[in-house]
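Novice: Got a structure for you, coords.pdb, holding PDB, C-alpha atoms and all ligand atoms.
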ATOM      1  CA  MET T  72       6.524   8.997   3.638  1.00  0.00           C
ATOM      2  CA  GLN T  73       4.652   6.847   6.086  1.00  0.00           C
ATOM      3  CA  SER T  74       2.161   4.486   4.483  1.00  0.00           C
ATOM      4  CA  LEU T  75      -1.345   4.526   5.886  1.00  0.00           C
ATOM      5  CA  GLN T  76      -2.240   1.160   7.445  1.00  0.00           C
ATOM      6  CA  PRO T  77      -5.929   0.383   7.091  1.00  0.00           C
ATOM      7  CA  GLN T  78      -7.663   0.540  10.464  1.00  0.00           C
ATOM      8  CA  TRP T  79      -9.961  -2.158  11.738  1.00  0.00           C
ATOM      9  CA  LYS T  80     -11.990  -2.024  14.915  1.00  0.00           C
ATOM     10  CA  ARG T  81     -14.201  -4.243  17.019  1.00  0.00           C
ATOM     11  CA  TYR T  82     -17.827  -3.308  16.355  1.00  0.00           C
ATOM     12  CA  GLN T  83     -18.954  -3.540  19.975  1.00  0.00           C
ATOM     13  CA  GLU T  84     -16.215  -1.191  21.180  1.00  0.00           C
ATOM     14  CA  LEU T  85     -17.202   1.711  18.907  1.00  0.00           C
ATOM     15  CA  ARG T  86     -19.313   4.769  19.602  1.00  0.00           C
ATOM     16  CA  PRO T  87     -21.908   5.940  17.043  1.00  0.00           C
ATOM     17  CA  ASP T  88     -19.662   8.698  15.642  1.00  0.00           C
ATOM     18  CA  GLU T  89     -16.822   6.236  15.207  1.00  0.00           C
ATOM     19  CA  LEU T  90     -19.089   3.791  13.390  1.00  0.00           C
ATOM     20  CA  ALA T  91     -20.257   6.567  11.074  1.00  0.00           C
ATOM     21  CA  SER T  92     -16.661   7.401  10.230  1.00  0.00           C
ATOM     22  CA  CYS T  93     -15.901   3.699   9.627  1.00  0.00           C
ATOM     23  CA  LEU T  94     -18.637   3.654   7.002  1.00  0.00           C
ATOM     24  CA  GLN T  95     -16.888   6.568   5.266  1.00  0.00           C
ATOM     25  CA  THR T  96     -13.455   4.966   5.164  1.00  0.00           C
ATOM     26  CA  ALA T  97     -14.165   1.230   4.920  1.00  0.00           C
ATOM     27  CA  PRO T  98     -17.825   0.106   4.977  1.00  0.00           C
ATOM     28  CA  VAL T  99     -16.834  -3.509   5.519  1.00  0.00           C
ATOM     29  CA  ALA T 100     -18.238  -5.761   8.269  1.00  0.00           C
ATOM     30  CA  PHE T 101     -16.667  -9.107   9.107  1.00  0.00           C
ATOM     31  CA  TRP T 102     -18.727 -11.645  11.022  1.00  0.00           C
ATOM     32  CA  PRO T 103     -16.899 -14.774  12.200  1.00  0.00           C
ATOM     33  CA  LEU T 104     -19.293 -17.712  12.523  1.00  0.00           C
ATOM     34  CA  GLY T 105     -18.189 -20.424  14.914  1.00  0.00           C
ATOM     35  CA  LEU T 106     -19.519 -22.506  17.755  1.00  0.00           C
ATOM     36  CA  ILE T 107     -18.291 -24.331  20.857  1.00  0.00           C
ATOM     37  CA  GLU T 108     -17.379 -27.913  20.073  1.00  0.00           C
ATOM     38  CA  HIS T 109     -14.863 -30.560  21.158  1.00  0.00           C
ATOM     39  CA  HIS T 110     -11.829 -30.214  18.876  1.00  0.00           C
ATOM     40  CA  GLY T 111      -9.525 -32.954  20.078  1.00  0.00           C
ATOM     41  CA  TRP T 112      -7.276 -33.002  23.125  1.00  0.00           C
ATOM     42  CA  HIS T 113      -4.975 -30.303  21.756  1.00  0.00           C
ATOM     43  CA  LEU T 114      -7.269 -27.531  20.444  1.00  0.00           C
ATOM     44  CA  PRO T 115      -9.550 -25.099  22.316  1.00  0.00           C
ATOM     45  CA  VAL T 116     -13.289 -25.821  22.166  1.00  0.00           C
ATOM     46  CA  GLY T 117     -13.875 -22.458  20.487  1.00  0.00           C
ATOM     47  CA  TYR T 118     -11.508 -23.453  17.691  1.00  0.00           C
ATOM     48  CA  ASP T 119     -13.913 -22.808  14.781  1.00  0.00           C
ATOM     49  CA  GLY T 120     -14.854 -19.301  15.894  1.00  0.00           C
ATOM     50  CA  LEU T 121     -11.268 -18.428  16.803  1.00  0.00           C
ATOM     51  CA  LYS T 122     -10.062 -19.581  13.384  1.00  0.00           C
ATOM     52  CA  ALA T 123     -12.726 -17.526  11.616  1.00  0.00           C
ATOM     53  CA  GLU T 124     -12.040 -14.438  13.729  1.00  0.00           C
ATOM     54  CA  ARG T 125      -8.265 -14.517  13.272  1.00  0.00           C
ATOM     55  CA  ILE T 126      -8.683 -14.905   9.494  1.00  0.00           C
ATOM     56  CA  CYS T 127     -11.137 -11.973   9.464  1.00  0.00           C
ATOM     57  CA  ILE T 128      -8.591  -9.873  11.347  1.00  0.00           C
ATOM     58  CA  ARG T 129      -5.893 -10.782   8.812  1.00  0.00           C
ATOM     59  CA  ILE T 130      -8.188  -9.606   5.966  1.00  0.00           C
ATOM     60  CA  ALA T 131      -9.242  -6.469   7.875  1.00  0.00           C
ATOM     61  CA  GLU T 132      -5.577  -5.553   8.320  1.00  0.00           C
ATOM     62  CA  GLU T 133      -5.545  -5.145   4.520  1.00  0.00           C
ATOM     63  CA  THR T 134      -8.984  -3.579   3.989  1.00  0.00           C
ATOM     64  CA  GLY T 135     -10.052  -1.877   7.226  1.00  0.00           C
ATOM     65  CA  GLY T 136     -13.584  -2.336   8.525  1.00  0.00           C
ATOM     66  CA  VAL T 137     -15.200  -3.690  11.660  1.00  0.00           C
ATOM     67  CA  ILE T 138     -15.173  -7.156  13.185  1.00  0.00           C
ATOM     68  CA  LEU T 139     -18.436  -8.236  14.774  1.00  0.00           C
ATOM     69  CA  PRO T 140     -18.494 -10.312  17.949  1.00  0.00           C
ATOM     70  CA  THR T 141     -18.039 -13.915  16.903  1.00  0.00           C
ATOM     71  CA  MET T 142     -21.273 -15.872  16.477  1.00  0.00           C
ATOM     72  CA  TRP T 143     -20.591 -18.651  18.954  1.00  0.00           C
ATOM     73  CA  TRP T 144     -23.969 -20.339  18.701  1.00  0.00           C
ATOM     74  CA  GLY T 145     -24.201 -22.570  15.636  1.00  0.00           C
ATOM     75  CA  ALA T 146     -26.060 -25.720  14.672  1.00  0.00           C
ATOM     76  CA  ASN T 147     -25.303 -29.212  13.383  1.00  0.00           C
ATOM     77  CA  GLY T 148     -22.209 -31.404  13.371  1.00  0.00           C
ATOM     78  CA  GLY T 149     -20.922 -34.819  14.303  1.00  0.00           C
ATOM     79  CA  HIS T 150     -19.817 -34.057  17.867  1.00  0.00           C
ATOM     80  CA  GLY T 151     -23.109 -33.626  19.673  1.00  0.00           C
ATOM     81  CA  ASP T 152     -22.272 -36.456  22.112  1.00  0.00           C
ATOM     82  CA  PHE T 153     -18.921 -34.962  23.153  1.00  0.00           C
ATOM     83  CA  LEU T 154     -18.291 -32.970  26.313  1.00  0.00           C
ATOM     84  CA  TRP T 155     -18.085 -29.202  25.844  1.00  0.00           C
ATOM     85  CA  THR T 156     -20.106 -29.228  22.623  1.00  0.00           C
ATOM     86  CA  HIS T 157     -23.061 -26.851  22.279  1.00  0.00           C
ATOM     87  CA  TYR T 158     -25.319 -27.286  19.278  1.00  0.00           C
ATOM     88  CA  GLN T 159     -28.327 -24.998  18.908  1.00  0.00           C
ATOM     89  CA  SER T 160     -31.395 -25.397  16.747  1.00  0.00           C
ATOM     90  CA  GLU T 161     -31.195 -24.350  13.092  1.00  0.00           C
ATOM     91  CA  GLU T 162     -34.164 -22.047  13.641  1.00  0.00           C
ATOM     92  CA  ALA T 163     -32.380 -20.138  16.405  1.00  0.00           C
ATOM     93  CA  THR T 164     -29.110 -19.681  14.499  1.00  0.00           C
ATOM     94  CA  THR T 165     -30.848 -18.882  11.202  1.00  0.00           C
ATOM     95  CA  SER T 166     -32.926 -16.192  12.838  1.00  0.00           C
ATOM     96  CA  ILE T 167     -29.865 -14.438  14.300  1.00  0.00           C
ATOM     97  CA  LEU T 168     -27.925 -14.863  11.044  1.00  0.00           C
ATOM     98  CA  VAL T 169     -30.576 -13.321   8.808  1.00  0.00           C
ATOM     99  CA  ASN T 170     -31.698 -10.556  11.188  1.00  0.00           C
ATOM    100  CA  THR T 171     -28.174  -9.368  11.895  1.00  0.00           C
ATOM    101  CA  THR T 172     -27.154  -9.383   8.241  1.00  0.00           C
ATOM    102  CA  GLU T 173     -30.260  -7.395   7.260  1.00  0.00           C
ATOM    103  CA  GLN T 174     -29.526  -4.887  10.030  1.00  0.00           C
ATOM    104  CA  LEU T 175     -25.912  -4.433   8.914  1.00  0.00           C
ATOM    105  CA  ILE T 176     -27.131  -3.733   5.372  1.00  0.00           C
ATOM    106  CA  ARG T 177     -29.698  -1.244   6.650  1.00  0.00           C
ATOM    107  CA  PHE T 178     -27.035   0.549   8.702  1.00  0.00           C
ATOM    108  CA  GLY T 179     -24.902   1.111   5.594  1.00  0.00           C
ATOM    109  CA  PHE T 180     -22.229  -1.559   5.305  1.00  0.00           C
ATOM    110  CA  ARG T 181     -21.411  -2.237   1.643  1.00  0.00           C
ATOM    111  CA  VAL T 182     -19.414  -5.427   2.056  1.00  0.00           C
ATOM    112  CA  ILE T 183     -20.312  -8.096   4.598  1.00  0.00           C
ATOM    113  CA  VAL T 184     -18.047 -11.077   5.082  1.00  0.00           C
ATOM    114  CA  LEU T 185     -19.635 -14.087   6.790  1.00  0.00           C
ATOM    115  CA  LEU T 186     -16.742 -16.429   7.366  1.00  0.00           C
ATOM    116  CA  ALA T 187     -17.729 -19.745   8.913  1.00  0.00           C
ATOM    117  CA  GLY T 188     -15.118 -21.725  10.804  1.00  0.00           C
ATOM    118  CA  HIS T 189     -17.581 -24.565  11.475  1.00  0.00           C
ATOM    119  CA  TYR T 190     -18.383 -26.367   8.222  1.00  0.00           C
ATOM    120  CA  PRO T 191     -22.073 -27.166   8.825  1.00  0.00           C
ATOM    121  CA  TRP T 192     -22.670 -23.406   8.676  1.00  0.00           C
ATOM    122  CA  GLN T 193     -22.305 -23.873   4.912  1.00  0.00           C
ATOM    123  CA  GLY T 194     -25.733 -25.507   4.579  1.00  0.00           C
ATOM    124  CA  LEU T 195     -27.440 -22.740   6.565  1.00  0.00           C
ATOM    125  CA  LEU T 196     -25.678 -20.063   4.529  1.00  0.00           C
ATOM    126  CA  GLU T 197     -26.644 -21.761   1.260  1.00  0.00           C
ATOM    127  CA  LYS T 198     -30.273 -21.672   2.331  1.00  0.00           C
ATOM    128  CA  GLN T 199     -30.295 -17.973   3.269  1.00  0.00           C
ATOM    129  CA  LEU T 200     -27.559 -15.956   1.582  1.00  0.00           C
ATOM    130  CA  PRO T 201     -28.514 -16.231  -2.100  1.00  0.00           C
ATOM    131  CA  THR T 202     -31.950 -14.791  -1.234  1.00  0.00           C
ATOM    132  CA  LEU T 203     -30.403 -11.994   0.825  1.00  0.00           C
ATOM    133  CA  GLN T 204     -27.948 -11.156  -1.968  1.00  0.00           C
ATOM    134  CA  ALA T 205     -30.739 -11.053  -4.568  1.00  0.00           C
ATOM    135  CA  LYS T 206     -32.771  -8.774  -2.296  1.00  0.00           C
ATOM    136  CA  HIS T 207     -29.793  -6.423  -1.766  1.00  0.00           C
ATOM    137  CA  PRO T 208     -27.837  -6.246  -5.043  1.00  0.00           C
ATOM    138  CA  GLU T 209     -26.150  -3.014  -3.887  1.00  0.00           C
ATOM    139  CA  VAL T 210     -24.196  -4.911  -1.226  1.00  0.00           C
ATOM    140  CA  LEU T 211     -21.469  -7.518  -1.636  1.00  0.00           C
ATOM    141  CA  LEU T 212     -22.078 -10.545   0.565  1.00  0.00           C
ATOM    142  CA  LEU T 213     -19.096 -12.873   0.817  1.00  0.00           C
ATOM    143  CA  TRP T 214     -19.980 -16.049   2.647  1.00  0.00           C
ATOM    144  CA  GLY T 215     -18.769 -19.586   3.258  1.00  0.00           C
ATOM    145  CA  THR T 216     -16.039 -21.575   4.961  1.00  0.00           C
ATOM    146  CA  GLU T 217     -12.340 -21.445   4.165  1.00  0.00           C
ATOM    147  CA  MET T 218     -13.104 -24.202   1.668  1.00  0.00           C
ATOM    148  CA  SER T 219     -15.847 -22.336  -0.187  1.00  0.00           C
ATOM    149  CA  ILE T 220     -15.794 -18.566   0.407  1.00  0.00           C
ATOM    150  CA  CYS T 221     -13.495 -17.861  -2.574  1.00  0.00           C
ATOM    151  CA  GLY T 222     -15.355 -20.184  -4.952  1.00  0.00           C
ATOM    152  CA  GLU T 223     -12.987 -22.010  -7.278  1.00  0.00           C
ATOM    153  CA  ALA T 224     -10.211 -19.404  -6.881  1.00  0.00           C
ATOM    154  CA  VAL T 225      -8.934 -20.600  -3.493  1.00  0.00           C
ATOM    155  CA  LYS T 226     -10.199 -23.765  -1.826  1.00  0.00           C
ATOM    156  CA  LEU T 227      -8.438 -24.680   1.377  1.00  0.00           C
ATOM    157  CA  ASN T 228      -8.580 -28.201   2.743  1.00  0.00           C
ATOM    158  CA  GLY T 229     -10.705 -28.917   5.772  1.00  0.00           C
ATOM    159  CA  ASP T 230     -11.101 -31.638   8.399  1.00  0.00           C
ATOM    160  CA  HIS T 231     -12.005 -31.789  12.072  1.00  0.00           C
ATOM    161  CA  ALA T 232      -9.180 -30.949  14.460  1.00  0.00           C
ATOM    162  CA  ALA T 233      -6.849 -33.062  12.312  1.00  0.00           C
ATOM    163  CA  ARG T 234      -3.832 -32.068  10.207  1.00  0.00           C
ATOM    164  CA  GLU T 235      -5.473 -29.160   8.338  1.00  0.00           C
ATOM    165  CA  GLU T 236      -7.304 -27.471  11.209  1.00  0.00           C
ATOM    166  CA  THR T 237      -4.357 -28.015  13.531  1.00  0.00           C
ATOM    167  CA  SER T 238      -2.055 -26.379  10.961  1.00  0.00           C
ATOM    168  CA  TYR T 239      -4.353 -23.345  10.653  1.00  0.00           C
ATOM    169  CA  GLY T 240      -4.431 -23.133  14.438  1.00  0.00           C
ATOM    170  CA  LEU T 241      -0.652 -23.367  14.781  1.00  0.00           C
ATOM    171  CA  CYS T 242      -0.446 -20.500  12.286  1.00  0.00           C
ATOM    172  CA  LEU T 243      -3.198 -18.297  13.759  1.00  0.00           C
ATOM    173  CA  PHE T 244      -3.132 -18.892  17.555  1.00  0.00           C
ATOM    174  CA  PRO T 245      -0.284 -21.214  18.610  1.00  0.00           C
ATOM    175  CA  GLU T 246      -0.611 -19.887  22.170  1.00  0.00           C
ATOM    176  CA  LEU T 247      -3.918 -21.751  22.583  1.00  0.00           C
ATOM    177  CA  ILE T 248      -2.695 -25.134  21.336  1.00  0.00           C
ATOM    178  CA  ASP T 249      -0.977 -27.907  23.272  1.00  0.00           C
ATOM    179  CA  MET T 250       0.459 -30.571  20.969  1.00  0.00           C
ATOM    180  CA  ASN T 251       1.660 -32.470  24.064  1.00  0.00           C
ATOM    181  CA  ALA T 252      -1.967 -33.130  24.944  1.00  0.00           C
ATOM    182  CA  LEU T 253      -2.072 -35.601  22.018  1.00  0.00           C
ATOM    183  CA  ARG T 254      -1.317 -38.622  24.182  1.00  0.00           C
ATOM    184  CA  PRO T 255      -3.201 -41.755  25.222  1.00  0.00           C
ATOM    185  CA  GLY T 256      -4.482 -42.458  28.706  1.00  0.00           C
ATOM    186  CA  ARG T 257      -7.924 -40.930  29.031  1.00  0.00           C
ATOM    187  CA  ASP T 258     -10.971 -42.977  29.971  1.00  0.00           C
ATOM    188  CA  ALA T 259     -14.776 -42.835  29.901  1.00  0.00           C
ATOM    189  CA  SER T 260     -14.717 -39.696  32.053  1.00  0.00           C
ATOM    190  CA  ALA T 261     -14.066 -37.915  28.745  1.00  0.00           C
ATOM    191  CA  TRP T 262     -17.794 -38.339  28.016  1.00  0.00           C
ATOM    192  CA  PRO T 263     -20.605 -36.319  29.613  1.00  0.00           C
ATOM    193  CA  GLN T 264     -21.448 -38.011  32.952  1.00  0.00           C
ATOM    194  CA  GLY T 265     -18.930 -40.745  32.113  1.00  0.00           C
ATOM    195  CA  ASP T 266     -21.277 -42.373  29.592  1.00  0.00           C
ATOM    196  CA  ALA T 267     -19.937 -43.235  26.142  1.00  0.00           C
ATOM    197  CA  PRO T 268     -22.554 -42.700  23.405  1.00  0.00           C
ATOM    198  CA  PRO T 269     -24.211 -45.757  21.882  1.00  0.00           C
ATOM    199  CA  THR T 270     -22.195 -47.099  18.952  1.00  0.00           C
ATOM    200  CA  GLU T 271     -25.020 -46.676  16.432  1.00  0.00           C
ATOM    201  CA  LYS T 272     -24.938 -42.908  17.030  1.00  0.00           C
ATOM    202  CA  GLN T 273     -21.237 -42.575  16.316  1.00  0.00           C
ATOM    203  CA  HIS T 274     -20.262 -40.271  13.497  1.00  0.00           C
ATOM    204  CA  PRO T 275     -18.351 -42.065  10.696  1.00  0.00           C
ATOM    205  CA  GLY T 276     -14.724 -40.961  10.457  1.00  0.00           C
ATOM    206  CA  VAL T 277     -14.575 -39.410  13.942  1.00  0.00           C
ATOM    207  CA  CYS T 278     -12.369 -41.134  16.547  1.00  0.00           C
ATOM    208  CA  PHE T 279     -14.621 -42.062  19.486  1.00  0.00           C
ATOM    209  CA  ASP T 280     -12.009 -43.691  21.741  1.00  0.00           C
ATOM    210  CA  PRO T 281     -10.843 -41.264  24.458  1.00  0.00           C
ATOM    211  CA  ASN T 282      -7.768 -43.414  25.035  1.00  0.00           C
ATOM    212  CA  GLU T 283      -6.574 -42.495  21.523  1.00  0.00           C
ATOM    213  CA  PRO T 284      -4.406 -39.397  21.088  1.00  0.00           C
ATOM    214  CA  LEU T 285      -6.538 -38.468  18.049  1.00  0.00           C
ATOM    215  CA  PHE T 286      -9.836 -38.652  20.003  1.00  0.00           C
ATOM    216  CA  GLY T 287     -12.567 -36.491  18.490  1.00  0.00           C
ATOM    217  CA  GLN T 288     -10.637 -35.856  15.294  1.00  0.00           C
ATOM    218  CA  MET T 289     -11.528 -36.624  11.695  1.00  0.00           C
ATOM    219  CA  GLY T 290      -8.884 -36.456   8.991  1.00  0.00           C
ATOM    220  CA  ALA T 291      -5.144 -36.948   8.569  1.00  0.00           C
ATOM    221  CA  ASP T 292      -2.935 -37.303  11.666  1.00  0.00           C
ATOM    222  CA  SER T 293      -2.784 -33.957  13.472  1.00  0.00           C
ATOM    223  CA  ARG T 294       0.702 -34.782  14.744  1.00  0.00           C
ATOM    224  CA  THR T 295       1.964 -34.019  11.202  1.00  0.00           C
ATOM    225  CA  ALA T 296       0.525 -30.477  11.298  1.00  0.00           C
ATOM    226  CA  SER T 297       2.693 -27.369  11.072  1.00  0.00           C
ATOM    227  CA  ALA T 298       2.307 -23.599  11.211  1.00  0.00           C
ATOM    228  CA  ALA T 299       4.004 -23.320   7.798  1.00  0.00           C
ATOM    229  CA  ARG T 300       1.413 -25.633   6.244  1.00  0.00           C
ATOM    230  CA  GLY T 301      -1.372 -23.494   7.725  1.00  0.00           C
ATOM    231  CA  GLU T 302       0.226 -20.202   6.729  1.00  0.00           C
ATOM    232  CA  GLU T 303       0.519 -21.219   3.083  1.00  0.00           C
ATOM    233  CA  GLY T 304      -3.242 -21.649   2.740  1.00  0.00           C
ATOM    234  CA  ILE T 305      -4.281 -18.774   4.989  1.00  0.00           C
ATOM    235  CA  THR T 306      -2.110 -16.325   3.028  1.00  0.00           C
ATOM    236  CA  ARG T 307      -3.757 -17.291  -0.258  1.00  0.00           C
ATOM    237  CA  LEU T 308      -7.232 -16.996   1.283  1.00  0.00           C
ATOM    238  CA  VAL T 309      -6.538 -13.611   2.892  1.00  0.00           C
ATOM    239  CA  ASN T 310      -4.963 -12.159  -0.277  1.00  0.00           C
ATOM    240  CA  HIS T 311      -7.836 -13.281  -2.454  1.00  0.00           C
ATOM    241  CA  LEU T 312     -10.541 -11.878  -0.176  1.00  0.00           C
ATOM    242  CA  ALA T 313      -8.689  -8.589   0.414  1.00  0.00           C
ATOM    243  CA  THR T 314      -8.272  -8.133  -3.354  1.00  0.00           C
ATOM    244  CA  THR T 315     -11.962  -8.913  -3.941  1.00  0.00           C
ATOM    245  CA  ILE T 316     -13.060  -6.378  -1.305  1.00  0.00           C
ATOM    246  CA  HIS T 317     -10.696  -3.657  -2.553  1.00  0.00           C
ATOM    247  CA  GLY T 318     -11.890  -4.230  -6.122  1.00  0.00           C
ATOM    248  CA  TYR T 319     -15.527  -3.927  -5.119  1.00  0.00           C
ATOM    249  CA  LEU T 320     -15.062  -0.744  -3.076  1.00  0.00           C
ATOM    250  CA  GLU T 321     -12.953   0.944  -5.767  1.00  0.00           C
ATOM    251  CA  ARG T 322     -15.602   0.233  -8.394  1.00  0.00           C
ATOM    252  CA  GLU T 323     -18.209   2.177  -6.470  1.00  0.00           C
TER     253      GLU T 323
HETATM  254 ZN    ZN I 401     -13.528 -27.220  13.260  1.00  0.00          ZN
END
When written as structure tokens, how does the structure in this file appear?
Specialist:
Amino acid sequence: MQSLQPQWKRYQELRPDELASCLQTAPVAFWPLGLIEHHGWHLPVGYDGLKAERICIRIAEETGGVILPTMWWGANGGHGDFLWTHYQSEEATTSILVNTTEQLIRFGFRVIVLLAGHYPWQGLLEKQLPTLQAKHPEVLLLWGTEMSICGEAVKLNGDHAAREETSYGLCLFPELIDMNALRPGRDASAWPQGDAPPTEKQHPGVCFDPNEPLFGQMGADSRTASAARGEEGITRLVNHLATTIHGYLERE
């Protein structure tokens, strides 16, 4: 007998009747929270959102549900001076976060997963999500980064574009990564308009020298990253969240 694979779909591609039938089979909405930010010479600038989306897809392959368009516009971080980094105001991102979550609840989703690939999302989520959960006890809101979303059960390591994030990337989207780009030789043109930021603004722990292969990174040497290292953690995270979601839906 053929086993029935859970179906997941992209929210924006569905018609109203299809969305209604999704709510019948798997009323689960995944919302990857990312942003556009310099992630070293070797990773794409959308790294955080891509990481969150690919993990959401891995969970949805087990549970079914819909994946929302990735939230690309986030706030806060230590890379505001870097080229290709877009930080928005907290007010703007908070407004979209809260409104959209409330709407998803109103439309009938029973489980909403807000997975943040960019760690400063954690502070915004901590400010808003406990209130939303208390207001809507009938819905399960799972929220946080890969370090926090499972509580104490599974806590992955995090960094910025260094060994951990590079390992997750090599596991989730190797086609977008170029490890050969980790080489010296760049100059001040790596900064917006060719101007390096003043030293007092530099973020502690982040490499600010474009001539360094590890420019923009914070954490252990990304050249020691591997897909296997990433896969080990991602598998534990995905299994835990899929089990949590299944358990909640079966209880209903
Ligand atoms: Zn990141």
Novice: Give me, as a ChimeraX atom specification, all polymer residues having an atom no more than 8 Å from stretch 304-306 of chain T, counting only C-alpha atoms and skipping those fewer than 5 positions away in the same chain.
Specialist: /T:126,227,239
Novice: When the cut-off is 10 Å and you count only C-alpha atoms and all ligand atoms, which residues lie near ligand ZN 401 (chain I), shown as a compact mmCIF listing (two decimals) with C-alpha atoms, in the frame of the given file?
Specialist:
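Saved to part_0.txt:
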# COMPACT_ATOMS: atom_id res chain seq x y z
CA GLY T 105 -18.19 -20.42 14.91
CA LEU T 106 -19.52 -22.51 17.76
CA ILE T 107 -18.29 -24.33 20.86
CA GLU T 108 -17.38 -27.91 20.07
CA HIS T 109 -14.86 -30.56 21.16
CA HIS T 110 -11.83 -30.21 18.88
CA GLY T 111 -9.52 -32.95 20.08
CA LEU T 114 -7.27 -27.53 20.44
CA VAL T 116 -13.29 -25.82 22.17
CA GLY T 117 -13.88 -22.46 20.49
CA TYR T 118 -11.51 -23.45 17.69
CA ASP T 119 -13.91 -22.81 14.78
CA GLY T 120 -14.85 -19.30 15.89
CA LEU T 121 -11.27 -18.43 16.80
CA LYS T 122 -10.06 -19.58 13.38
CA ALA T 123 -12.73 -17.53 11.62
CA GLY T 148 -22.21 -31.40 13.37
CA ALA T 187 -17.73 -19.74 8.91
CA GLY T 188 -15.12 -21.72 10.80
CA HIS T 189 -17.58 -24.56 11.48
CA TYR T 190 -18.38 -26.37 8.22
CA PRO T 191 -22.07 -27.17 8.82
CA GLY T 229 -10.70 -28.92 5.77
CA ASP T 230 -11.10 -31.64 8.40
CA HIS T 231 -12.00 -31.79 12.07
CA ALA T 232 -9.18 -30.95 14.46
CA ALA T 233 -6.85 -33.06 12.31
CA GLU T 235 -5.47 -29.16 8.34
CA GLU T 236 -7.30 -27.47 11.21
CA THR T 237 -4.36 -28.02 13.53
CA GLN T 288 -10.64 -35.86 15.29
CA MET T 289 -11.53 -36.62 11.70
Novice: Considering all atoms listed in the file, can you say which of T:Asp292, T:Glu124, T:Glu84, T:Glu161 comes closest to T:Gln199?
Specialist: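 Answer, going by the shortest atom-to-atom distance: T:Glu161.
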Novice: Using the chain letters and residue numbers of this document, give as a CSV table (one decimal) with C-alpha atoms, in the frame of the given file the residues selected by the PyMOL selection byres (((chain T and resi 175) around 12) and not hetatm).
Specialist:
chain,number,residue,atom,x,y,z
T,82,TYR,CA,-17.8,-3.3,16.4
T,90,LEU,CA,-19.1,3.8,13.4
T,94,LEU,CA,-18.6,3.7,7.0
T,98,PRO,CA,-17.8,0.1,5.0
T,99,VAL,CA,-16.8,-3.5,5.5
T,100,ALA,CA,-18.2,-5.8,8.3
T,101,PHE,CA,-16.7,-9.1,9.1
T,102,TRP,CA,-18.7,-11.6,11.0
T,137,VAL,CA,-15.2,-3.7,11.7
T,138,ILE,CA,-15.2,-7.2,13.2
T,139,LEU,CA,-18.4,-8.2,14.8
T,168,LEU,CA,-27.9,-14.9,11.0
T,169,VAL,CA,-30.6,-13.3,8.8
T,170,ASN,CA,-31.7,-10.6,11.2
T,171,THR,CA,-28.2,-9.4,11.9
T,172,THR,CA,-27.2,-9.4,8.2
T,173,GLU,CA,-30.3,-7.4,7.3
T,174,GLN,CA,-29.5,-4.9,10.0
T,176,ILE,CA,-27.1,-3.7,5.4
T,177,ARG,CA,-29.7,-1.2,6.6
T,178,PHE,CA,-27.0,0.5,8.7
T,179,GLY,CA,-24.9,1.1,5.6
T,180,PHE,CA,-22.2,-1.6,5.3
T,181,ARG,CA,-21.4,-2.2,1.6
T,182,VAL,CA,-19.4,-5.4,2.1
T,183,ILE,CA,-20.3,-8.1,4.6
T,184,VAL,CA,-18.0,-11.1,5.1
T,185,LEU,CA,-19.6,-14.1,6.8
T,203,LEU,CA,-30.4,-12.0,0.8
T,207,HIS,CA,-29.8,-6.4,-1.8
T,210,VAL,CA,-24.2,-4.9,-1.2
T,211,LEU,CA,-21.5,-7.5,-1.6
T,212,LEU,CA,-22.1,-10.5,0.6
Novice: Can you tell me how far atom CA of T:Gln159 sits from atom CA of T:Ala261, in Å to one decimal?
Specialist: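 Rounded to one decimal, the two atoms are 21.6 Å apart.
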Novice: Considering only C-alpha atoms, state which residue in the set T:Pro201, T:Gly240, T:Pro281, T:Pro255 is at the smallest distance from T:Ala267.
Specialist: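 Using only C-alpha atoms, T:Ala267 sits closest to T:Pro281.
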Novice: Rank nothing, just name the residue among T:Arg129, T:Pro115, T:Gly145, T:Phe153 nearest to T:Lys272, using all atoms listed in the file.
Specialist: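 Among T:Arg129, T:Pro115, T:Gly145, T:Phe153, it is T:Phe153 that comes nearest to T:Lys272.
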Novice: For the structure shown, which residues end up in the PyMOL selection byres (((chain T and resi 313) around 8) and not hetatm)? Put them as a list in words, please?
Specialist: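 Output from the PyMOL selection byres (((chain T and resi 313) around 8) and not hetatm), applied to this file: Ile130, Ala131, Glu133, Thr134, Val309, Asn310, His311, Leu312, Thr314, Thr315, Ile316 and His317 of chain T.
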Novice: On this file, the PyMOL selection byres (((chain T and resi 277) around 9) and not hetatm) gives some set of residues; write that set as a PyMOL selection string.
Specialist: chain T and resi 149-150+231+273-276+278-279+286-290
Novice: Please, what distance in Å, to one decimal, runs between atom CA of T:Thr96 and atom CA of T:Glu132?
Specialist: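 Atom CA of T:Thr96 sits 13.5 Å away from atom CA of T:Glu132.
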Novice: Would you please work out which residue, of T:Pro263, T:Pro268, T:Gly222, T:Gly194, is nearest to T:Trp155 when using only C-alpha atoms?
Specialist: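 Residue with the minimum atom-to-atom distance to T:Trp155: T:Pro263.
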Novice: Grab the atom CA of T:Glu223 to atom CA of T:Gln193 distance for me, in Å with one decimal place.
Specialist: 15.5 Å
Novice: Smallest atom-to-atom distance to T:Gln95: which of T:Ala252, T:Asn228, T:Gly136, T:Arg322, using all atoms listed in the file?
Specialist: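 The closest residue to T:Gln95 is T:Gly136.
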Novice: Write out as a list in words each polymer residue whose atoms come within 8 Å of T:Val225, counting only C-alpha atoms; drop sequence neighbours fewer than 6 positions from it.
Specialist: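 Here the answer would be Met218, Ser219, Arg307, Leu308 and His311 of chain T.
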Novice: Include C-alpha atoms and write out the residues we just selected as a PDB file, in the coordinates of the input.
Specialist:
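That gives us again22.pdb:
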ATOM      1  CA  MET T 218     -13.104 -24.202   1.668  1.00  0.00           C
ATOM      2  CA  SER T 219     -15.847 -22.336  -0.187  1.00  0.00           C
ATOM      3  CA  ARG T 307      -3.757 -17.291  -0.258  1.00  0.00           C
ATOM      4  CA  LEU T 308      -7.232 -16.996   1.283  1.00  0.00           C
ATOM      5  CA  HIS T 311      -7.836 -13.281  -2.454  1.00  0.00           C
TER       6      HIS T 311
END
